[in-house]
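Enquirer: Attaching a single structure in structure tokens format; questions to follow.
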Amino acid sequence: MQIAANKAVSIDYTLTNDAGEVIDSSAGGAPLVYLHGAGNIIAGLEKALEGKQGGDEVKVAIEPQDAYGEYSPELVATLNRAMFEGVDELEVGMQFHASGPDGGMQIVTIRDVEGDDVIVDGNHPLAGQRLNFEVKIVEVREASDEEIAHGHVHGEGGHHH
């Protein structure tokens, strides 16, 4: 069975950056299971897997525009420490939910703390990076009507309600 919209797909994968450092991998764990065509994985990887079937192996480099987007300096801001009321210790790498420029919620990461100034970054940590995937397709199956309606796979390796 070929990978296409509304198929439940199981993959083993390793994600590296251009320096060859492993960013993420399913090695040693269960395969990643996703609903193809539902936006569960980045667009570039979904496109590269389209039409493949169980047992196929794919090596692909995904450019930023098909992954987490280009890095946007406009998403970096300096906030006053008082904005983090109730948080005693602010540390680089901490993440918070914040209102984005479009009014929606986004995650910001503390990049630096200088006195009362807290520099936050709303870019995804992988924004602006080419992502290199090595993928082995483990299984492709029909998704259930419920999985299609919910927009994700259920059960082992998938979403649990």
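The way I read the labels, and the way they are meant: chains A, B, ... in the order of the structure tokens, residue 1 as the first residue of every chain, and ligand 1 as the first ligand shown, with later ones counted on from there.
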Please report, as an mmCIF file with all heavy atoms, in the first residue's frame, each residue of segment 21-159 of chain A to which DSSP assigns helix (DSSP H, G or I) when run on this structure's backbone.
Expert:
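The result, written out as states-v6.cif:
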data_model
loop_
_atom_site.group_PDB
_atom_site.id
_atom_site.type_symbol
_atom_site.label_atom_id
_atom_site.label_comp_id
_atom_site.auth_asym_id
_atom_site.auth_seq_id
_atom_site.Cartn_x
_atom_site.Cartn_y
_atom_site.Cartn_z
ATOM 1 N N ALA A 43 5.798 19.659 6.302
ATOM 2 C CA ALA A 43 5.325 19.541 4.916
ATOM 3 C C ALA A 43 6.356 18.895 3.994
ATOM 4 O O ALA A 43 6.012 18.050 3.158
ATOM 5 C CB ALA A 43 4.928 20.914 4.385
ATOM 6 N N GLY A 44 7.611 19.269 4.126
ATOM 7 C CA GLY A 44 8.643 18.732 3.238
ATOM 8 C C GLY A 44 8.834 17.240 3.386
ATOM 9 O O GLY A 44 9.038 16.519 2.399
ATOM 10 N N LEU A 45 8.765 16.733 4.617
ATOM 11 C CA LEU A 45 8.907 15.293 4.834
ATOM 12 C C LEU A 45 7.672 14.566 4.327
ATOM 13 O O LEU A 45 7.773 13.516 3.680
ATOM 14 C CB LEU A 45 9.155 14.980 6.311
ATOM 15 C CG LEU A 45 9.384 13.509 6.643
ATOM 16 C CD1 LEU A 45 10.554 12.924 5.850
ATOM 17 C CD2 LEU A 45 9.608 13.324 8.135
ATOM 18 N N GLU A 46 6.508 15.124 4.571
ATOM 19 C CA GLU A 46 5.274 14.504 4.093
ATOM 20 C C GLU A 46 5.318 14.366 2.561
ATOM 21 O O GLU A 46 5.000 13.308 2.016
ATOM 22 C CB GLU A 46 4.067 15.327 4.542
ATOM 23 C CG GLU A 46 2.768 14.573 4.417
ATOM 24 C CD GLU A 46 1.643 15.237 5.175
ATOM 25 O OE1 GLU A 46 1.230 16.336 4.779
ATOM 26 O OE2 GLU A 46 1.181 14.641 6.162
ATOM 27 N N LYS A 47 5.763 15.414 1.885
ATOM 28 C CA LYS A 47 5.854 15.390 0.431
ATOM 29 C C LYS A 47 6.861 14.337 -0.043
ATOM 30 O O LYS A 47 6.613 13.616 -1.015
ATOM 31 C CB LYS A 47 6.265 16.782 -0.070
ATOM 32 C CG LYS A 47 6.307 16.923 -1.561
ATOM 33 C CD LYS A 47 6.645 18.364 -1.957
ATOM 34 C CE LYS A 47 6.755 18.498 -3.454
ATOM 35 N NZ LYS A 47 7.151 19.852 -3.843
ATOM 36 N N ALA A 48 7.993 14.206 0.650
ATOM 37 C CA ALA A 48 9.027 13.233 0.273
ATOM 38 C C ALA A 48 8.553 11.789 0.456
ATOM 39 O O ALA A 48 9.024 10.887 -0.247
ATOM 40 C CB ALA A 48 10.298 13.474 1.087
ATOM 41 N N LEU A 49 7.627 11.572 1.388
ATOM 42 C CA LEU A 49 7.153 10.208 1.669
ATOM 43 C C LEU A 49 5.953 9.801 0.800
ATOM 44 O O LEU A 49 5.640 8.611 0.695
ATOM 45 C CB LEU A 49 6.789 10.073 3.150
ATOM 46 C CG LEU A 49 7.960 10.233 4.124
ATOM 47 C CD1 LEU A 49 7.471 10.155 5.565
ATOM 48 C CD2 LEU A 49 9.041 9.200 3.862
ATOM 49 N N PRO A 64 14.388 24.990 4.988
ATOM 50 C CA PRO A 64 13.599 25.642 6.049
ATOM 51 C C PRO A 64 12.161 25.983 5.664
ATOM 52 O O PRO A 64 11.252 25.798 6.472
ATOM 53 C CB PRO A 64 14.402 26.919 6.349
ATOM 54 C CG PRO A 64 15.799 26.575 5.988
ATOM 55 C CD PRO A 64 15.688 25.640 4.807
ATOM 56 N N GLN A 65 11.940 26.455 4.431
ATOM 57 C CA GLN A 65 10.578 26.861 4.054
ATOM 58 C C GLN A 65 9.606 25.681 4.040
ATOM 59 O O GLN A 65 8.393 25.879 4.126
ATOM 60 C CB GLN A 65 10.563 27.599 2.704
ATOM 61 C CG GLN A 65 10.992 26.771 1.517
ATOM 62 C CD GLN A 65 12.486 26.846 1.216
ATOM 63 O OE1 GLN A 65 13.292 27.198 2.089
ATOM 64 N NE2 GLN A 65 12.864 26.494 0.002
ATOM 65 N N ASP A 66 10.111 24.447 3.941
ATOM 66 C CA ASP A 66 9.258 23.255 3.979
ATOM 67 C C ASP A 66 9.346 22.532 5.323
ATOM 68 O O ASP A 66 8.863 21.417 5.463
ATOM 69 C CB ASP A 66 9.633 22.304 2.844
ATOM 70 C CG ASP A 66 9.306 22.889 1.479
ATOM 71 O OD1 ASP A 66 8.267 23.564 1.359
ATOM 72 O OD2 ASP A 66 10.102 22.683 0.544
ATOM 73 N N PRO A 73 13.878 37.526 12.749
ATOM 74 C CA PRO A 73 14.342 38.396 13.841
ATOM 75 C C PRO A 73 13.200 39.151 14.519
ATOM 76 O O PRO A 73 13.313 39.529 15.693
ATOM 77 C CB PRO A 73 15.297 39.381 13.151
ATOM 78 C CG PRO A 73 15.656 38.751 11.851
ATOM 79 C CD PRO A 73 14.515 37.863 11.475
ATOM 80 N N GLU A 74 12.079 39.343 13.808
ATOM 81 C CA GLU A 74 10.934 40.052 14.389
ATOM 82 C C GLU A 74 10.313 39.284 15.558
ATOM 83 O O GLU A 74 9.545 39.850 16.334
ATOM 84 C CB GLU A 74 9.842 40.305 13.340
ATOM 85 C CG GLU A 74 10.268 41.177 12.185
ATOM 86 C CD GLU A 74 10.977 40.392 11.081
ATOM 87 O OE1 GLU A 74 10.551 39.276 10.746
ATOM 88 O OE2 GLU A 74 11.984 40.900 10.572
ATOM 89 N N LEU A 75 10.618 37.999 15.667
ATOM 90 C CA LEU A 75 10.048 37.188 16.751
ATOM 91 C C LEU A 75 10.920 37.185 18.004
ATOM 92 O O LEU A 75 10.657 36.453 18.951
ATOM 93 C CB LEU A 75 9.805 35.755 16.267
ATOM 94 C CG LEU A 75 8.747 35.612 15.170
ATOM 95 C CD1 LEU A 75 8.621 34.161 14.726
ATOM 96 C CD2 LEU A 75 7.400 36.144 15.635
ATOM 97 N N ARG A 81 11.491 41.666 33.313
ATOM 98 C CA ARG A 81 11.353 40.522 34.220
ATOM 99 C C ARG A 81 9.976 40.501 34.894
ATOM 100 O O ARG A 81 9.427 39.427 35.158
ATOM 101 C CB ARG A 81 12.466 40.585 35.270
ATOM 102 C CG ARG A 81 12.443 39.464 36.276
ATOM 103 C CD ARG A 81 13.543 39.622 37.305
ATOM 104 N NE ARG A 81 14.857 39.322 36.784
ATOM 105 C CZ ARG A 81 15.379 38.093 36.729
ATOM 106 N NH1 ARG A 81 14.679 37.066 37.153
ATOM 107 N NH2 ARG A 81 16.577 37.901 36.248
ATOM 108 N N ALA A 82 9.391 41.673 35.147
ATOM 109 C CA ALA A 82 8.072 41.769 35.811
ATOM 110 C C ALA A 82 6.982 41.061 35.012
ATOM 111 O O ALA A 82 5.955 40.675 35.571
ATOM 112 C CB ALA A 82 7.706 43.234 36.030
ATOM 113 N N MET A 83 7.195 40.873 33.698
ATOM 114 C CA MET A 83 6.201 40.179 32.866
ATOM 115 C C MET A 83 6.094 38.693 33.237
ATOM 116 O O MET A 83 5.161 38.019 32.836
ATOM 117 C CB MET A 83 6.554 40.306 31.381
ATOM 118 C CG MET A 83 6.712 41.723 30.904
ATOM 119 S SD MET A 83 5.413 42.422 29.909
ATOM 120 C CE MET A 83 4.680 41.143 29.004
ATOM 121 N N PHE A 84 7.075 38.180 33.984
ATOM 122 C CA PHE A 84 7.111 36.764 34.347
ATOM 123 C C PHE A 84 6.729 36.588 35.816
ATOM 124 O O PHE A 84 7.377 35.870 36.558
ATOM 125 C CB PHE A 84 8.507 36.190 34.071
ATOM 126 C CG PHE A 84 8.886 36.230 32.621
ATOM 127 C CD1 PHE A 84 9.499 37.355 32.075
ATOM 128 C CD2 PHE A 84 8.613 35.152 31.798
ATOM 129 C CE1 PHE A 84 9.838 37.403 30.738
ATOM 130 C CE2 PHE A 84 8.955 35.194 30.450
ATOM 131 C CZ PHE A 84 9.567 36.324 29.924
ATOM 132 N N ASP A 145 -12.078 5.645 10.192
ATOM 133 C CA ASP A 145 -12.902 6.845 10.046
ATOM 134 C C ASP A 145 -12.697 7.788 11.230
ATOM 135 O O ASP A 145 -12.648 9.005 11.065
ATOM 136 C CB ASP A 145 -14.393 6.476 9.927
ATOM 137 C CG ASP A 145 -14.710 5.784 8.599
ATOM 138 O OD1 ASP A 145 -13.907 5.915 7.649
ATOM 139 O OD2 ASP A 145 -15.765 5.121 8.523
ATOM 140 N N GLU A 146 -12.570 7.205 12.426
ATOM 141 C CA GLU A 146 -12.369 8.018 13.627
ATOM 142 C C GLU A 146 -11.020 8.741 13.573
ATOM 143 O O GLU A 146 -10.928 9.930 13.906
ATOM 144 C CB GLU A 146 -12.443 7.136 14.881
ATOM 145 C CG GLU A 146 -12.291 7.927 16.168
ATOM 146 C CD GLU A 146 -12.353 7.053 17.408
ATOM 147 O OE1 GLU A 146 -11.719 5.980 17.424
ATOM 148 O OE2 GLU A 146 -13.024 7.475 18.358
ATOM 149 N N GLU A 147 -9.958 8.055 13.135
ATOM 150 C CA GLU A 147 -8.645 8.697 13.026
ATOM 151 C C GLU A 147 -8.690 9.842 12.028
ATOM 152 O O GLU A 147 -8.145 10.926 12.274
ATOM 153 C CB GLU A 147 -7.585 7.669 12.613
ATOM 154 C CG GLU A 147 -7.271 6.668 13.712
ATOM 155 C CD GLU A 147 -6.394 5.516 13.267
ATOM 156 O OE1 GLU A 147 -6.510 5.081 12.089
ATOM 157 O OE2 GLU A 147 -5.582 5.052 14.081
ATOM 158 N N ILE A 148 -9.369 9.634 10.905
ATOM 159 C CA ILE A 148 -9.488 10.674 9.885
ATOM 160 C C ILE A 148 -10.273 11.865 10.449
ATOM 161 O O ILE A 148 -9.863 13.016 10.300
ATOM 162 C CB ILE A 148 -10.135 10.129 8.604
ATOM 163 C CG1 ILE A 148 -9.186 9.105 7.947
ATOM 164 C CG2 ILE A 148 -10.485 11.250 7.638
ATOM 165 C CD1 ILE A 148 -9.819 8.265 6.856
ATOM 166 N N ALA A 149 -11.354 11.594 11.146
ATOM 167 C CA ALA A 149 -12.176 12.659 11.728
ATOM 168 C C ALA A 149 -11.398 13.447 12.777
ATOM 169 O O ALA A 149 -11.532 14.671 12.881
ATOM 170 C CB ALA A 149 -13.445 12.077 12.351
ATOM 171 N N HIS A 150 -10.558 12.752 13.551
ATOM 172 C CA HIS A 150 -9.786 13.411 14.611
ATOM 173 C C HIS A 150 -8.506 14.054 14.081
ATOM 174 O O HIS A 150 -7.890 14.869 14.771
ATOM 175 C CB HIS A 150 -9.432 12.415 15.711
ATOM 176 C CG HIS A 150 -10.604 12.021 16.550
ATOM 177 N ND1 HIS A 150 -10.474 11.317 17.723
ATOM 178 C CD2 HIS A 150 -11.939 12.243 16.407
ATOM 179 C CE1 HIS A 150 -11.666 11.112 18.249
ATOM 180 N NE2 HIS A 150 -12.570 11.660 17.463
#
Enquirer: As a PyMOL selection string, please: the residues near Gly28 of chain A (cut-off 12 Å, only C-alpha atoms, same-chain neighbours under 3 positions excluded).
Expert: chain A and resi 12-14+24-25+31-32
Enquirer: DSSP on the backbone, then: every residue of segment 47-125 of chain A marked strand (DSSP E), written as a ChimeraX atom specification.
Expert: /A:57-62,76-80,95-99,105-114,117-121
Enquirer: Record the distance separating atom CA of Glu70 of chain A and atom CA of Gly51 of chain A, expressed in Å with one decimal.
Expert: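 Result for atom CA of Glu70 of chain A versus atom CA of Gly51 of chain A: 27.4 Å, one decimal.
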Enquirer: Using only C-alpha atoms, determine which residues lie at most 9 Å from Ala143 of chain A, disregarding the query and same-chain residues fewer than 3 positions distant; provide the list as a ChimeraX atom specification.
Expert: /A:6-9,35,146-148,152-153
Enquirer: Convert the current residue selection to file output with N, CA, C and O atoms, as a compact mmCIF listing (two decimals), in the first residue's frame.
Expert:
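File produced: again_4.txt:
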# COMPACT_ATOMS: atom_id res chain seq x y z
N ASN A 6 -4.81 10.29 4.19
CA ASN A 6 -5.64 9.47 5.05
C ASN A 6 -5.14 8.04 5.22
O ASN A 6 -5.92 7.14 5.53
N LYS A 7 -3.84 7.84 5.07
CA LYS A 7 -3.21 6.56 5.41
C LYS A 7 -2.49 6.74 6.74
O LYS A 7 -1.91 7.80 7.02
N ALA A 8 -2.53 5.72 7.58
CA ALA A 8 -1.77 5.71 8.83
C ALA A 8 -0.39 5.14 8.50
O ALA A 8 -0.28 4.05 7.95
N VAL A 9 0.65 5.92 8.78
CA VAL A 9 2.00 5.57 8.38
C VAL A 9 2.88 5.44 9.62
O VAL A 9 2.87 6.31 10.49
N LEU A 35 -0.83 10.43 10.65
CA LEU A 35 -1.87 10.40 9.63
C LEU A 35 -1.40 11.26 8.46
O LEU A 35 -1.25 12.48 8.60
N GLU A 146 -12.57 7.20 12.43
CA GLU A 146 -12.37 8.02 13.63
C GLU A 146 -11.02 8.74 13.57
O GLU A 146 -10.93 9.93 13.91
N GLU A 147 -9.96 8.06 13.14
CA GLU A 147 -8.65 8.70 13.03
C GLU A 147 -8.69 9.84 12.03
O GLU A 147 -8.15 10.93 12.27
N ILE A 148 -9.37 9.63 10.91
CA ILE A 148 -9.49 10.67 9.88
C ILE A 148 -10.27 11.87 10.45
O ILE A 148 -9.86 13.02 10.30
N HIS A 152 -5.60 12.50 13.46
CA HIS A 152 -4.39 11.85 13.95
C HIS A 152 -4.64 10.37 14.17
O HIS A 152 -5.78 9.93 14.27
N VAL A 153 -3.55 9.62 14.25
CA VAL A 153 -3.64 8.17 14.46
C VAL A 153 -3.84 7.88 15.95
O VAL A 153 -3.29 8.57 16.81
Enquirer: Applying 12 Å and only C-alpha atoms, which residues near Ala19 of chain A remain after dropping the ones on its own chain fewer than 3 positions away? List them as a short mmCIF file (atom, residue, chain, number, x, y, z; two decimals) with C-alpha atoms, in the first residue's frame.
Expert:
data_model
loop_
_atom_site.label_atom_id
_atom_site.label_comp_id
_atom_site.auth_asym_id
_atom_site.auth_seq_id
_atom_site.Cartn_x
_atom_site.Cartn_y
_atom_site.Cartn_z
CA LEU A 15 16.92 13.64 11.96
CA THR A 16 20.29 15.39 11.70
CA VAL A 22 21.44 13.92 15.64
CA ILE A 23 18.53 16.20 16.58
CA GLN A 129 17.79 25.07 9.46
CA ARG A 130 17.96 22.45 6.72
CA LEU A 131 16.76 19.17 8.22
CA ASN A 132 18.23 15.88 7.02
#
Enquirer: What is the atom CA of Val118 of chain A to atom CA of Val87 of chain A distance in Å?
Expert: 12.5 Å
Enquirer: When distances are computed from only C-alpha atoms, which of A:Gln95, A:Val140, A:Gly151, A:Ala67 shows the smallest separation from Gly37 of chain A?
Expert: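 Among the listed residues, A:Gly151 lies closest to Gly37 of chain A.
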Enquirer: Would you please work out which residue, of A:Tyr68, A:Ala30, A:Asn123, A:His154, is nearest to Ile42 of chain A when using only C-alpha atoms?
Expert: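 Smallest distance to Ile42 of chain A is found for A:Tyr68.
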Enquirer: For Asp18 of chain A, which residue out of A:Gly103, A:Glu63, A:Glu50, A:Val58 is the nearest one, using only C-alpha atoms?
Expert: A:Glu63
Enquirer: I'd like the neighbourhood of Asp121 of chain A as a PDB file with all heavy atoms, in the first residue's frame, where a residue qualifies if any of its atoms comes within 6 Å (using only C-alpha atoms), though same-chain residues fewer than 3 positions away should be ignored.
Expert:
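Written output follows (out02.pdb):
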ATOM      1  N   LEU A  75      10.618  37.999  15.667  1.00  0.00           N
ATOM      2  CA  LEU A  75      10.048  37.188  16.751  1.00  0.00           C
ATOM      3  C   LEU A  75      10.920  37.185  18.004  1.00  0.00           C
ATOM      4  O   LEU A  75      10.657  36.453  18.951  1.00  0.00           O
ATOM      5  CB  LEU A  75       9.805  35.755  16.267  1.00  0.00           C
ATOM      6  CG  LEU A  75       8.747  35.612  15.170  1.00  0.00           C
ATOM      7  CD1 LEU A  75       8.621  34.161  14.726  1.00  0.00           C
ATOM      8  CD2 LEU A  75       7.400  36.144  15.635  1.00  0.00           C
ATOM      9  N   VAL A  76      11.969  38.011  17.995  1.00  0.00           N
ATOM     10  CA  VAL A  76      12.825  38.162  19.178  1.00  0.00           C
ATOM     11  C   VAL A  76      12.439  39.473  19.853  1.00  0.00           C
ATOM     12  O   VAL A  76      12.309  40.502  19.189  1.00  0.00           O
ATOM     13  CB  VAL A  76      14.325  38.175  18.785  1.00  0.00           C
ATOM     14  CG1 VAL A  76      15.197  38.394  20.019  1.00  0.00           C
ATOM     15  CG2 VAL A  76      14.690  36.874  18.087  1.00  0.00           C
ATOM     16  N   VAL A 108       7.466  30.866  23.356  1.00  0.00           N
ATOM     17  CA  VAL A 108       8.693  31.646  23.307  1.00  0.00           C
ATOM     18  C   VAL A 108       9.715  30.986  24.229  1.00  0.00           C
ATOM     19  O   VAL A 108       9.358  30.396  25.246  1.00  0.00           O
ATOM     20  CB  VAL A 108       8.481  33.126  23.702  1.00  0.00           C
ATOM     21  CG1 VAL A 108       7.550  33.814  22.713  1.00  0.00           C
ATOM     22  CG2 VAL A 108       7.964  33.264  25.116  1.00  0.00           C
ATOM     23  N   THR A 109      10.970  31.098  23.837  1.00  0.00           N
ATOM     24  CA  THR A 109      12.068  30.525  24.605  1.00  0.00           C
ATOM     25  C   THR A 109      12.959  31.656  25.101  1.00  0.00           C
ATOM     26  O   THR A 109      13.281  32.576  24.332  1.00  0.00           O
ATOM     27  CB  THR A 109      12.908  29.571  23.713  1.00  0.00           C
ATOM     28  OG1 THR A 109      12.038  28.568  23.174  1.00  0.00           O
ATOM     29  CG2 THR A 109      14.016  28.903  24.506  1.00  0.00           C
TER      30      THR A 109
END
